[in-house]
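Below is one structure, written out as structure tokens; comments come after it.
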4 protein chains.
Amino acid sequence: MRALYKHHAGTELKLDAARALPAVGPRDVLIDVTHAGICGTDRHIWEWDAWAASRIPVGIVTGHEFVGKIVRVGAAVTRYRPGQRVSAEGHISPGTGYNARTGNAHIAESMQILGVDRDGCFAQYVCVPEENVWPVHPSVPDAVAAVLDPLGNAVHTVMSAGVSAKTVLITGVGIIGLMAVTVAKAAGASRIFVTDVNPKRLELAKRLGAAEAYNTYVPPPPREPTGGPHPSQFATPEWIRDIRRATRGDGPDVLLEMSGHPAAIHDGFSALRMGGTAALLGIPSMPFTFDLTNHVVFKAATVLGINGRKMFETWYQMEELLLGGRLELGEIITHELPMEQFAQGFRLMQTGEGIKIVLRIDH
Amino acid sequence: MRALYKHHAGTELKLDAARALPAVGPRDVLIDVTHAGICGTDRHIWEWDAWAASRIPVGIVTGHEFVGKIVRVGAAVTRYRPGQRVSAEGHISPGTGYNARTGNAHIAESMQILGVDRDGCFAQYVCVPEENVWPVHPSVPDAVAAVLDPLGNAVHTVMSAGVSAKTVLITGVGIIGLMAVTVAKAAGASRIFVTDVNPKRLELAKRLGAAEAYNTYVPPPPREPTGGPHPSQFATPEWIRDIRRATRGDGPDVLLEMSGHPAAIHDGFSALRMGGTAALLGIPSMPFTFDLTNHVVFKAATVLGINGRKMFETWYQMEELLLGGRLELGEIITHELPMEQFAQGFRLMQTGEGIKIVLRIDH
Amino acid sequence: MRALYKHHAGTELKLDAARALPAVGPRDVLIDVTHAGICGTDRHIWEWDAWAASRIPVGIVTGHEFVGKIVRVGAAVTRYRPGQRVSAEGHISPGTGYNARTGNAHIAESMQILGVDRDGCFAQYVCVPEENVWPVHPSVPDAVAAVLDPLGNAVHTVMSAGVSAKTVLITGVGIIGLMAVTVAKAAGASRIFVTDVNPKRLELAKRLGAAEAYNTYVPPPPREPTGGPHPSQFATPEWIRDIRRATRGDGPDVLLEMSGHPAAIHDGFSALRMGGTAALLGIPSMPFTFDLTNHVVFKAATVLGINGRKMFETWYQMEELLLGGRLELGEIITHELPMEQFAQGFRLMQTGEGIKIVLRIDH
Amino acid sequence: MRALYKHHAGTELKLDAARALPAVGPRDVLIDVTHAGICGTDRHIWEWDAWAASRIPVGIVTGHEFVGKIVRVGAAVTRYRPGQRVSAEGHISPGTGYNARTGNAHIAESMQILGVDRDGCFAQYVCVPEENVWPVHPSVPDAVAAVLDPLGNAVHTVMSAGVSAKTVLITGVGIIGLMAVTVAKAAGASRIFVTDVNPKRLELAKRLGAAEAYNTYVPPPPREPTGGPHPSQFATPEWIRDIRRATRGDGPDVLLEMSGHPAAIHDGFSALRMGGTAALLGIPSMPFTFDLTNHVVFKAATVLGINGRKMFETWYQMEELLLGGRLELGEIITHELPMEQFAQGFRLMQTGEGIKIVLRIDH
């Protein structure tokens, strides 16, 4: 089969036109992949950054977001049959241990991740355990079905925080932040405020339903210091005061942190109302100086770490949101390309010309 | 002042053109009422049914839904000042006891209700303790501000059940059931199914966002029994099977019971999915035969009794839903009349020509 | 192998000394049973009541509570190995569908029950899917490990209601009600009140930690009516007034209904405080007249139907409670007999001389 | 009256033998104080640290934990009468705003604190609004009634986290940490692990019910570095591995952080199991380097900032825990002294000879 794999300990991926089919165990399902999404994780692997170099085995087929059709099932498989259109959860759990057995398999120990720890879906065929299969509702288009994994991150964040009849601040509107805007709107958020430093993404966030979109870019201080600290480091930013005016002086009920930037995290917690809830999906690249006293303890905040998506509560919520007809993903999935044009796909992602890129795998 | 009062132990109300102003205690606020809604409770009082005859003191000014302006405050009042446009919660709590002191004053012991236990708002002036005052947001129109009390019942029911990204069945679309449709939609319900026996209300429910509206009227069995039980008593109704088909075979996640009719309650629980949540606002007029075993125990249902609305969590949620701009109340508040035409208001309600009637109290 | 099976469509069970071993599928585990508990369900099967006659296939091996050692595993089993001491959850889920995939497999559709729908554990060997296996902590004695299933019912009820720092009323102290007393105590209930009509069980409940134990037996009215209704039908029973006096006049925070008797259910809800929580495990044998208006709607009660036990959240809670060392099961597990004396075991249960009976299966 | 007040902008307090009685407003209650606890906050005020110097007005009467008898009520007071034995919540809320009106007055805006922002209870008489009064149950001894405020901190932390049938790690067993041990035990924690650097407190924690008590003192690295980082900074401490061994390899379900020390916070989060809950009461004295990525996001932790105690849900929980009879406060309240010996009281606290010190105010 054709497959994109990490051919050396360096940048980019390579197309192998004659990769062997994956082995199908007794409890596995073999899926003919038709569409696959490129994730931020795939970009890290493409760019071979420090994380990728430390984690990714050379030779692996990458990719973990996809939709396709089942073509073969292992001898002990009872739940699915060839012909079904399916996606799959990419976290593969051993099925034992506390979290795996209590509805929280997404944070179980000894998890393997598709396209990271074992061969993934940038290929004509991918193999997953039947426990991981998700049958896709007929009304969901292929391009959307291919990106249920990242959409699930947005849905898990929004649903964990609880946004119904609440004001919501989303710090960071990259791919998942943008998805979170339309998800939060569909899930009943009354008013959504967003921040980012990318004017195009801020515009899109407003079209997706944000009440206000703030550009929080702060120009660096001048080279010749004028004798004191930069004002931006001490004053409450004007945009926070603006949100407070709109919220009885209190600040938003909910913070969805989607950037991983220390400054955005600081601002987000500063804006959050006393007793509010913060759901953190963004991943700071290292420990940083955090004001736990004021941001969490005195604020009586509820802070939720968000990791992956629930298997499979999030998937059901996602299906229901899609059936409800209020999710707007058209402007988020910007490009659909044949798999062979993968290099262009990664380039569109790197330049910011594209947002979510889907590869089509033809036969 | 002018006021509508229960002038005798019988039907209707009477307009007193020279009622004395209410006494204002040190912690009370006197409000110049501009708009007041007619509640189903007021209709019971008008019609002097068994409940009214047992509970309502002759001579009382009725009415408990309103908006107006503060004109005077008692000596120990610290929170409000004359000139503020306000509504008020009609449940007046003593402030002591477990529920009153833990954010659940709406179900506190020794509660007094405005227009039921003490003089109400169908009058030029009404007096309430400052604890009960609700300052109305400037963006909320008077006609809506006058009906925050029943809207609060709908909001408390919807928010207690939790509808975000869920399928919802509403059994009964009277005034509060209709409000619940638009509230559930705004609060993030993905798909709403409703039942009633009134075709006009069912049509309106669809315009407010219901995915399906089922007329559950069952004609009585023929006079000459044909030798067996009526089929409708045993078969699963077609509309339930229809909802199951739309929900993976499971049934709706949430039941909002708004009718109080035993048959609707039975059907609603039959439809509810295993492990679903039922919020009960409708009030059955007497004990009835209920299948606790199948509807609650085996179904592993969560059943929530809904009484009033939270003071003041529900009021904040309501304000936020109104600010979010997705509540559609225009077709629910059908008439606005001068207080002097109160008899017509009650008639519109009794005939079903009107849904929510608001009285305007001019000066 | 030796096994107890339903030999005809009538009462009792029979010992088969040469039953064939169960077939072990690729995902199954074969367990050498050492101890098995007799459940109330087994008594229904023994007595061949209407439910049993309608549900139980003649020829089946009964029993579903047990502990033993794994002796063989199917070809696709990955999680367990021969030699492990294990119990198992008796609800066997297909693994598909909403509840099965969201941590609520205990209420999944198309469930099979061990010893009811397929051969059970009153036998030298029992076969279950590996998903159902529960490895037993070394510190748990065999007699306790054999009754984790019913203990799980008590734990699921108590933990669903939430009893920490709360007052609790338990109506009905049969086997599971007694277990609920010690579980609620260990789980942090501050004060426990119980009702029953059996003085011996009430005494035991007090030894297990109940603050008060009330005998709610009401003698039937005299044959010659004296001209009016029996007083007990209208007055608030003295024991309810006693509980109210002990709870600021409010009533208990939590009701755990363990009897299934309409009168006990009525009393339990009457006693429950406004805004309290009722967890219902007892199974009324048919629909009955229930005051939904006062017991649920006006009371703003939260009512939880309890069915089975969570797979496997309840099992982890149970293990933790056992490790905490505060569960007292010694007086509840009254007899341990060789399997061959099964008839005596059922007799002890029927007469009430025994509470929980464990069969020992020797080799 | 006699009162302890901050007589200058410096250390210590002074006894004024002829302080004027506080003015009693129309909604206020005047209380004859009989017993008052010395809080850590009082010690900060005594020692006049940076926080105290920036916050405390010179001249103020300090103290906020007490019990006494009502001697006078304002003209608009309706809920209490002279003669009642009462304590009071020291956070005085304006009664307006979101948190004040939704059961979360403890984190309301514009809060005043007794003994910090207005005259407190180290005096023969103290004046509080009637909303703040807490009638003390007759069964609670005076010395315990005097320290309900800090006990409430422990109860709010424990009850927010939820410890029923869970393993709990408490980092830091100062006054409130020790109270948390006995509270968690009474509230149903199955096994409690504690850390501190004070051997005497660790011993006491074990007597109060901790399963294990670890001394986490790490000696400073030698002056002459041996060529590499200190091992303690990289290895998982042995005590964490010990807790993991006791908890299926997972770590504790709940972390109660009571120290405010960055190292303890780091260790506590490292120990916490994936998906666990951390309730943070300890107050780091400044922002510090925190590993949000691993401790919160990847861990899928729920982190709860704890501020004060709920008005009055926590107070009811506390009363119930006291009535349940399982709280052991005898060894925590170490000294009871006449108010005149206040200097000795503060000294006992500073040296660590005493834990909780109660002043008796005689008449």
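Identifiers for the structure tokens are assigned positionally: chains receive A, B, ... in sequence, residues are indexed from 1 per chain, and ligands are indexed from 1 in the order shown.
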
If you run DSSP over the backbone, which residues in segment 55-110 of chain D end up helix (DSSP H, G or I)? Put them as a list in words. Arg55, Ala105, His106 and Ile107 of chain D

Would you pick out the contacts of Val58 of chain A at 8 Å or less, using only C-alpha atoms, so that residues sharing its chain but fewer than 3 positions from it are not included, and give the list as a PyMOL selection string? chain A and resi 6-9

Chain A post-superposition (all in-order Cα pairs with chain B) as a compact mmCIF listing (two decimals) with C-alpha atoms, in the first residue's frame:
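Result file selection-v2.txt:
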```txt
# COMPACT_ATOMS: atom_id res chain seq x y z
CA MET A 1 -53.99 53.31 44.58
CA ARG A 2 -55.78 51.12 42.04
CA ALA A 3 -55.52 47.37 42.69
CA LEU A 4 -57.11 44.06 41.66
CA TYR A 5 -58.20 42.08 44.69
CA LYS A 6 -60.18 39.00 45.64
CA HIS A 7 -63.37 40.67 46.80
CA HIS A 8 -65.28 37.58 47.94
CA ALA A 9 -64.95 33.84 48.39
CA GLY A 10 -65.85 33.19 44.76
CA THR A 11 -64.80 33.67 41.16
CA GLU A 12 -63.18 36.69 39.51
CA LEU A 13 -61.35 39.71 40.92
CA LYS A 14 -62.47 43.28 41.45
CA LEU A 15 -60.77 46.59 40.82
CA ASP A 16 -60.45 48.77 43.90
CA ALA A 17 -59.79 52.35 42.82
CA ALA A 18 -58.72 53.55 46.26
CA ARG A 19 -56.72 50.83 47.94
CA ALA A 20 -54.37 52.03 50.68
CA LEU A 21 -50.66 51.94 49.87
CA PRO A 22 -48.79 48.99 51.37
CA ALA A 23 -46.81 49.66 54.56
CA VAL A 24 -43.05 49.83 53.94
CA GLY A 25 -40.95 48.16 56.67
CA PRO A 26 -37.33 49.15 57.45
CA ARG A 27 -35.93 46.50 55.08
CA ASP A 28 -38.60 46.88 52.37
CA VAL A 29 -38.72 48.56 49.01
CA LEU A 30 -41.84 50.14 47.48
CA ILE A 31 -42.15 49.64 43.73
CA ASP A 32 -44.33 51.51 41.26
CA VAL A 33 -45.54 48.63 39.07
CA THR A 34 -45.65 49.33 35.32
CA HIS A 35 -46.28 45.83 33.88
CA ALA A 36 -47.53 42.61 35.43
CA GLY A 37 -47.99 39.14 33.95
CA ILE A 38 -51.00 36.92 34.55
CA CYS A 39 -49.88 33.52 35.80
CA GLY A 40 -51.67 30.17 35.77
CA THR A 41 -51.83 30.56 39.54
CA ASP A 42 -53.75 33.80 39.07
CA ARG A 43 -56.19 31.91 36.89
CA HIS A 44 -56.74 29.36 39.66
CA ILE A 45 -57.45 32.29 42.00
CA TRP A 46 -59.77 33.90 39.44
CA GLU A 47 -61.66 30.62 38.96
CA TRP A 48 -61.67 30.02 42.74
CA ASP A 49 -60.93 26.33 42.49
CA ALA A 50 -60.46 24.04 45.48
CA TRP A 51 -56.80 24.97 45.91
CA ALA A 52 -57.56 28.71 45.79
CA ALA A 53 -60.47 28.39 48.20
CA SER A 54 -58.21 26.58 50.67
CA ARG A 55 -55.23 28.91 50.40
CA ILE A 56 -56.14 32.46 49.34
CA PRO A 57 -57.31 34.97 51.98
CA VAL A 58 -60.28 36.98 50.76
CA GLY A 59 -59.31 40.62 50.36
CA ILE A 60 -55.79 39.98 49.08
CA VAL A 61 -54.29 41.83 46.10
CA THR A 62 -53.14 39.12 43.68
CA GLY A 63 -50.34 38.93 41.09
CA HIS A 64 -46.63 38.14 41.50
CA GLU A 65 -44.95 38.70 38.10
CA PHE A 66 -44.02 42.31 37.39
CA VAL A 67 -41.58 45.08 36.58
CA GLY A 68 -41.59 48.61 37.88
CA LYS A 69 -39.55 51.42 39.43
CA ILE A 70 -38.48 51.78 43.04
CA VAL A 71 -40.13 54.80 44.63
CA ARG A 72 -39.25 54.44 48.29
CA VAL A 73 -36.85 52.38 50.44
CA GLY A 74 -37.05 51.50 54.16
CA ALA A 75 -34.67 52.97 56.72
CA ALA A 76 -32.40 49.90 56.89
CA VAL A 77 -32.22 49.30 53.12
CA THR A 78 -28.67 49.52 51.79
CA ARG A 79 -28.69 47.86 48.37
CA TYR A 80 -31.14 49.83 46.24
CA ARG A 81 -32.34 53.37 45.71
CA PRO A 82 -35.40 55.05 44.26
CA GLY A 83 -35.44 55.24 40.46
CA GLN A 84 -34.08 51.77 39.70
CA ARG A 85 -36.09 49.62 37.31
CA VAL A 86 -36.60 46.30 39.06
CA SER A 87 -38.52 43.08 39.17
CA ALA A 88 -38.59 40.79 42.22
CA GLU A 89 -38.65 37.17 43.25
CA GLY A 90 -42.07 36.42 44.70
CA HIS A 91 -40.94 33.83 47.26
CA ILE A 92 -40.19 35.67 50.49
CA SER A 93 -37.92 33.70 52.78
CA PRO A 94 -37.40 34.22 56.50
CA GLY A 95 -33.65 34.02 55.93
CA THR A 96 -33.15 31.30 58.52
CA GLY A 97 -32.95 27.53 58.16
CA TYR A 98 -30.89 25.19 56.05
CA ASN A 99 -32.21 25.91 52.57
CA ALA A 100 -32.49 29.66 53.04
CA ARG A 101 -28.84 29.83 54.13
CA THR A 102 -27.34 27.52 51.48
CA GLY A 103 -28.40 29.12 48.21
CA ASN A 104 -31.76 27.32 48.11
CA ALA A 105 -34.07 29.93 49.57
CA HIS A 106 -36.62 28.99 46.90
CA ILE A 107 -37.43 25.86 48.91
CA ALA A 108 -36.98 27.29 52.39
CA GLU A 109 -39.44 26.60 55.16
CA SER A 110 -42.00 29.24 56.19
CA MET A 111 -41.95 30.88 52.79
CA GLN A 112 -44.51 33.57 51.94
CA ILE A 113 -45.59 34.03 48.32
CA LEU A 114 -46.46 37.41 46.86
CA GLY A 115 -50.07 37.65 45.69
CA VAL A 116 -50.89 34.40 47.49
CA ASP A 117 -49.98 34.92 51.14
CA ARG A 118 -49.58 38.71 51.08
CA ASP A 119 -50.55 41.57 48.76
CA GLY A 120 -49.20 41.20 45.25
CA CYS A 121 -48.46 43.24 42.14
CA PHE A 122 -51.80 43.70 40.34
CA ALA A 123 -51.71 47.21 41.73
CA GLN A 124 -50.04 50.56 41.24
CA TYR A 125 -47.58 49.76 44.02
CA VAL A 126 -46.14 46.63 45.54
CA CYS A 127 -43.86 46.24 48.56
CA VAL A 128 -41.11 43.57 48.85
CA PRO A 129 -38.05 43.02 51.07
CA GLU A 130 -34.84 44.28 49.51
CA GLU A 131 -33.48 40.70 49.48
CA ASN A 132 -36.09 39.90 46.82
CA VAL A 133 -35.37 42.76 44.43
CA TRP A 134 -33.93 41.99 40.99
CA PRO A 135 -32.48 44.96 39.06
CA VAL A 136 -33.47 44.49 35.41
CA HIS A 137 -30.83 44.87 32.70
CA PRO A 138 -31.52 47.95 30.54
CA SER A 139 -31.64 45.84 27.37
CA VAL A 140 -34.62 43.77 28.56
CA PRO A 141 -37.98 45.13 27.33
CA ASP A 142 -40.74 45.78 29.88
CA ALA A 143 -43.05 43.04 28.59
CA VAL A 144 -40.27 40.48 29.07
CA ALA A 145 -39.19 41.94 32.41
CA ALA A 146 -42.79 41.45 33.59
CA VAL A 147 -42.64 37.67 33.03
CA LEU A 148 -39.21 36.78 34.44
CA ASP A 149 -40.91 34.72 37.15
CA PRO A 150 -42.43 32.07 34.80
CA LEU A 151 -39.48 32.32 32.45
CA GLY A 152 -37.42 31.50 35.53
CA ASN A 153 -39.45 28.29 36.04
CA ALA A 154 -38.54 27.23 32.51
CA VAL A 155 -34.89 28.23 32.95
CA HIS A 156 -34.58 26.45 36.32
CA THR A 157 -36.06 23.27 34.83
CA VAL A 158 -33.82 23.33 31.75
CA MET A 159 -30.64 24.25 33.64
CA SER A 160 -31.25 21.69 36.40
CA ALA A 161 -31.59 18.91 33.86
CA GLY A 162 -28.60 20.07 31.80
CA VAL A 163 -29.36 20.03 28.07
CA SER A 164 -26.08 21.02 26.46
CA ALA A 165 -25.43 18.74 23.44
CA LYS A 166 -28.35 16.54 24.46
CA THR A 167 -31.66 15.40 23.01
CA VAL A 168 -34.64 16.68 24.97
CA LEU A 169 -38.27 15.63 25.17
CA ILE A 170 -40.71 18.22 26.52
CA THR A 171 -44.10 16.78 27.47
CA GLY A 172 -46.63 19.60 27.54
CA VAL A 173 -46.21 22.96 25.79
CA GLY A 174 -48.37 25.31 27.78
CA ILE A 175 -46.86 28.69 28.66
CA ILE A 176 -43.86 27.32 30.52
CA GLY A 177 -43.42 24.38 28.16
CA LEU A 178 -43.19 26.80 25.23
CA MET A 179 -40.72 28.94 27.12
CA ALA A 180 -38.75 25.76 27.83
CA VAL A 181 -38.46 25.08 24.09
CA THR A 182 -36.72 28.38 23.36
CA VAL A 183 -34.72 28.21 26.59
CA ALA A 184 -33.50 24.66 25.90
CA LYS A 185 -32.55 25.66 22.35
CA ALA A 186 -30.60 28.68 23.61
CA ALA A 187 -29.00 26.61 26.37
CA GLY A 188 -27.52 24.18 23.85
CA ALA A 189 -30.00 21.32 23.43
CA SER A 190 -29.15 19.69 20.13
CA ARG A 191 -32.59 18.38 19.26
CA ILE A 192 -35.91 18.99 20.99
CA PHE A 193 -38.99 16.81 20.72
CA VAL A 194 -42.30 18.01 22.15
CA THR A 195 -45.71 16.51 22.82
CA ASP A 196 -49.09 18.12 23.50
CA VAL A 197 -52.71 17.76 22.43
CA ASN A 198 -53.08 21.36 21.17
CA PRO A 199 -52.18 21.67 17.47
CA LYS A 200 -51.62 25.45 17.65
CA ARG A 201 -49.14 25.14 20.50
CA LEU A 202 -47.37 22.29 18.71
CA GLU A 203 -46.97 24.48 15.63
CA LEU A 204 -45.56 27.29 17.75
CA ALA A 205 -43.14 24.86 19.44
CA LYS A 206 -41.76 23.99 16.00
CA ARG A 207 -41.32 27.65 15.11
CA LEU A 208 -39.43 28.08 18.40
CA GLY A 209 -36.99 25.34 17.44
CA ALA A 210 -38.46 21.93 18.20
CA ALA A 211 -37.21 19.27 15.78
CA GLU A 212 -40.47 17.33 16.04
CA ALA A 213 -43.83 18.08 17.65
CA TYR A 214 -46.15 15.17 18.32
CA ASN A 215 -49.87 15.38 18.96
CA THR A 216 -50.45 12.70 21.58
CA TYR A 217 -54.18 13.05 21.69
CA VAL A 218 -55.73 9.60 21.96
CA PRO A 219 -59.43 9.42 21.10
CA PRO A 220 -61.44 7.74 23.83
CA PRO A 221 -62.37 4.12 23.21
CA PRO A 222 -65.70 3.55 21.47
CA ARG A 223 -68.70 3.20 23.72
CA GLU A 224 -69.34 -0.35 22.70
CA PRO A 225 -66.20 -2.21 23.58
CA THR A 226 -65.28 -4.62 20.84
CA GLY A 227 -64.15 -7.31 23.17
CA GLY A 228 -60.70 -6.25 24.32
CA PRO A 229 -58.65 -3.43 25.75
CA HIS A 230 -58.00 -0.29 23.74
CA PRO A 231 -54.79 -0.83 21.75
CA SER A 232 -53.34 2.52 22.79
CA GLN A 233 -52.99 1.34 26.35
CA PHE A 234 -50.50 -1.38 25.60
CA ALA A 235 -48.48 -0.60 22.50
CA THR A 236 -45.48 1.73 22.51
CA PRO A 237 -46.86 4.83 20.78
CA GLU A 238 -45.58 5.47 17.28
CA TRP A 239 -44.11 8.85 18.32
CA ILE A 240 -41.89 7.18 20.91
CA ARG A 241 -40.64 4.74 18.30
CA ASP A 242 -40.01 7.72 16.04
CA ILE A 243 -37.87 9.45 18.69
CA ARG A 244 -35.96 6.22 19.33
CA ARG A 245 -35.16 5.89 15.62
CA ALA A 246 -33.74 9.42 15.76
CA THR A 247 -31.65 8.67 18.84
CA ARG A 248 -29.71 5.47 18.09
CA GLY A 249 -32.61 3.44 19.45
CA ASP A 250 -32.03 4.84 22.94
CA GLY A 251 -34.61 7.58 23.48
CA PRO A 252 -33.98 11.18 24.55
CA ASP A 253 -31.28 12.03 27.10
CA VAL A 254 -33.55 14.40 28.98
CA LEU A 255 -37.25 14.62 29.80
CA LEU A 256 -38.73 17.97 30.81
CA GLU A 257 -42.20 17.20 32.17
CA MET A 258 -44.40 20.29 31.89
CA SER A 259 -47.92 18.85 31.82
CA GLY A 260 -48.60 17.21 35.17
CA HIS A 261 -50.77 14.62 33.38
CA PRO A 262 -50.25 11.00 34.48
CA ALA A 263 -50.46 9.73 30.90
CA ALA A 264 -47.86 12.22 29.67
CA ILE A 265 -45.63 11.40 32.62
CA HIS A 266 -45.92 7.69 31.85
CA ASP A 267 -45.13 8.26 28.18
CA GLY A 268 -42.26 10.61 28.95
CA PHE A 269 -40.55 8.10 31.24
CA SER A 270 -41.21 5.30 28.75
CA ALA A 271 -39.44 7.32 26.06
CA LEU A 272 -36.48 8.40 28.24
CA ARG A 273 -33.25 6.52 27.59
CA MET A 274 -31.67 4.21 30.17
CA GLY A 275 -29.72 6.41 32.56
CA GLY A 276 -31.46 9.59 31.39
CA THR A 277 -32.54 12.62 33.42
CA ALA A 278 -36.12 13.74 34.03
CA ALA A 279 -36.91 17.19 35.41
CA LEU A 280 -40.48 17.43 36.67
CA LEU A 281 -42.19 20.82 36.81
CA GLY A 282 -45.76 19.77 35.97
CA ILE A 283 -47.92 19.18 39.04
CA PRO A 284 -50.17 16.11 39.05
CA SER A 285 -53.38 17.10 40.82
CA MET A 286 -53.34 13.98 43.00
CA PRO A 287 -51.36 10.79 43.67
CA PHE A 288 -51.63 8.34 40.76
CA THR A 289 -50.47 4.87 39.78
CA PHE A 290 -46.81 5.19 38.86
CA ASP A 291 -44.40 2.50 37.66
CA LEU A 292 -41.47 3.44 39.89
CA THR A 293 -39.79 0.09 39.18
CA ASN A 294 -39.50 0.45 35.42
CA HIS A 295 -39.50 4.23 35.09
CA VAL A 296 -36.93 5.01 37.77
CA VAL A 297 -35.20 2.02 39.41
CA PHE A 298 -34.50 -0.25 36.43
CA LYS A 299 -34.06 2.75 34.12
CA ALA A 300 -31.38 4.14 36.47
CA ALA A 301 -33.01 7.51 35.90
CA THR A 302 -32.13 10.74 37.66
CA VAL A 303 -35.39 12.48 38.56
CA LEU A 304 -35.38 16.12 39.65
CA GLY A 305 -38.34 17.77 41.31
CA ILE A 306 -38.49 21.42 40.21
CA ASN A 307 -40.05 23.95 42.52
CA GLY A 308 -39.91 27.67 41.77
CA ARG A 309 -36.56 29.01 40.66
CA LYS A 310 -33.22 29.49 42.40
CA MET A 311 -32.66 32.74 44.21
CA PHE A 312 -30.83 34.08 42.43
CA GLU A 313 -28.80 31.72 40.33
CA THR A 314 -31.73 31.18 37.96
CA TRP A 315 -32.20 34.94 37.58
CA TYR A 316 -28.58 35.39 36.54
CA GLN A 317 -28.86 32.51 34.05
CA MET A 318 -31.99 34.09 32.66
CA GLU A 319 -30.33 37.47 32.26
CA GLU A 320 -27.42 35.81 30.51
CA LEU A 321 -29.72 33.90 28.13
CA LEU A 322 -31.51 37.16 27.33
CA LEU A 323 -28.21 38.96 26.71
CA GLY A 324 -27.13 36.09 24.45
CA GLY A 325 -29.97 37.07 22.14
CA ARG A 326 -31.30 33.62 21.31
CA LEU A 327 -34.50 33.54 23.36
CA GLU A 328 -37.62 34.01 21.27
CA LEU A 329 -40.46 35.25 23.45
CA GLY A 330 -42.32 37.38 20.90
CA GLU A 331 -44.92 34.77 20.03
CA ILE A 332 -45.33 33.63 23.63
CA ILE A 333 -46.24 37.05 25.06
CA THR A 334 -49.33 37.45 22.91
CA HIS A 335 -51.19 40.35 24.53
CA GLU A 336 -50.49 43.54 26.44
CA LEU A 337 -53.57 45.23 27.93
CA PRO A 338 -54.26 48.08 30.35
CA MET A 339 -54.90 46.72 33.86
CA GLU A 340 -58.49 47.92 33.64
CA GLN A 341 -59.10 45.27 30.93
CA PHE A 342 -58.10 42.48 33.32
CA ALA A 343 -61.34 40.57 32.68
CA GLN A 344 -60.49 40.36 29.00
CA GLY A 345 -56.99 39.21 29.92
CA PHE A 346 -58.31 36.30 31.98
CA ARG A 347 -60.79 35.46 29.20
CA LEU A 348 -58.00 35.34 26.56
CA MET A 349 -56.13 32.96 28.83
CA GLN A 350 -59.14 30.74 29.48
CA THR A 351 -60.07 30.43 25.80
CA GLY A 352 -56.50 29.76 24.73
CA GLU A 353 -56.60 32.71 22.31
CA GLY A 354 -53.77 34.23 24.27
CA ILE A 355 -50.72 32.57 25.76
CA LYS A 356 -48.96 34.98 28.08
CA ILE A 357 -50.96 38.11 28.91
CA VAL A 358 -49.27 41.22 30.34
CA LEU A 359 -51.22 43.96 32.10
CA ARG A 360 -49.96 47.53 31.72
CA ILE A 361 -50.49 49.70 34.77
CA ASP A 362 -50.66 53.34 33.71
CA HIS A 363 -50.40 56.33 35.97
```

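DSSP secondary structure from the backbone places B:Val254, B:Leu255, B:Leu256, B:Glu257, B:Thr277, B:Ala278, B:Ala279, B:Leu280, B:Phe288, B:Thr289, B:Phe290, B:Thr302, B:Val303, B:Leu304, B:Gly305, B:Ile333, B:Thr334, B:His335, B:Glu336, B:Leu337, B:Pro338 of segment 253-346 of chain B in strand (DSSP E or B).
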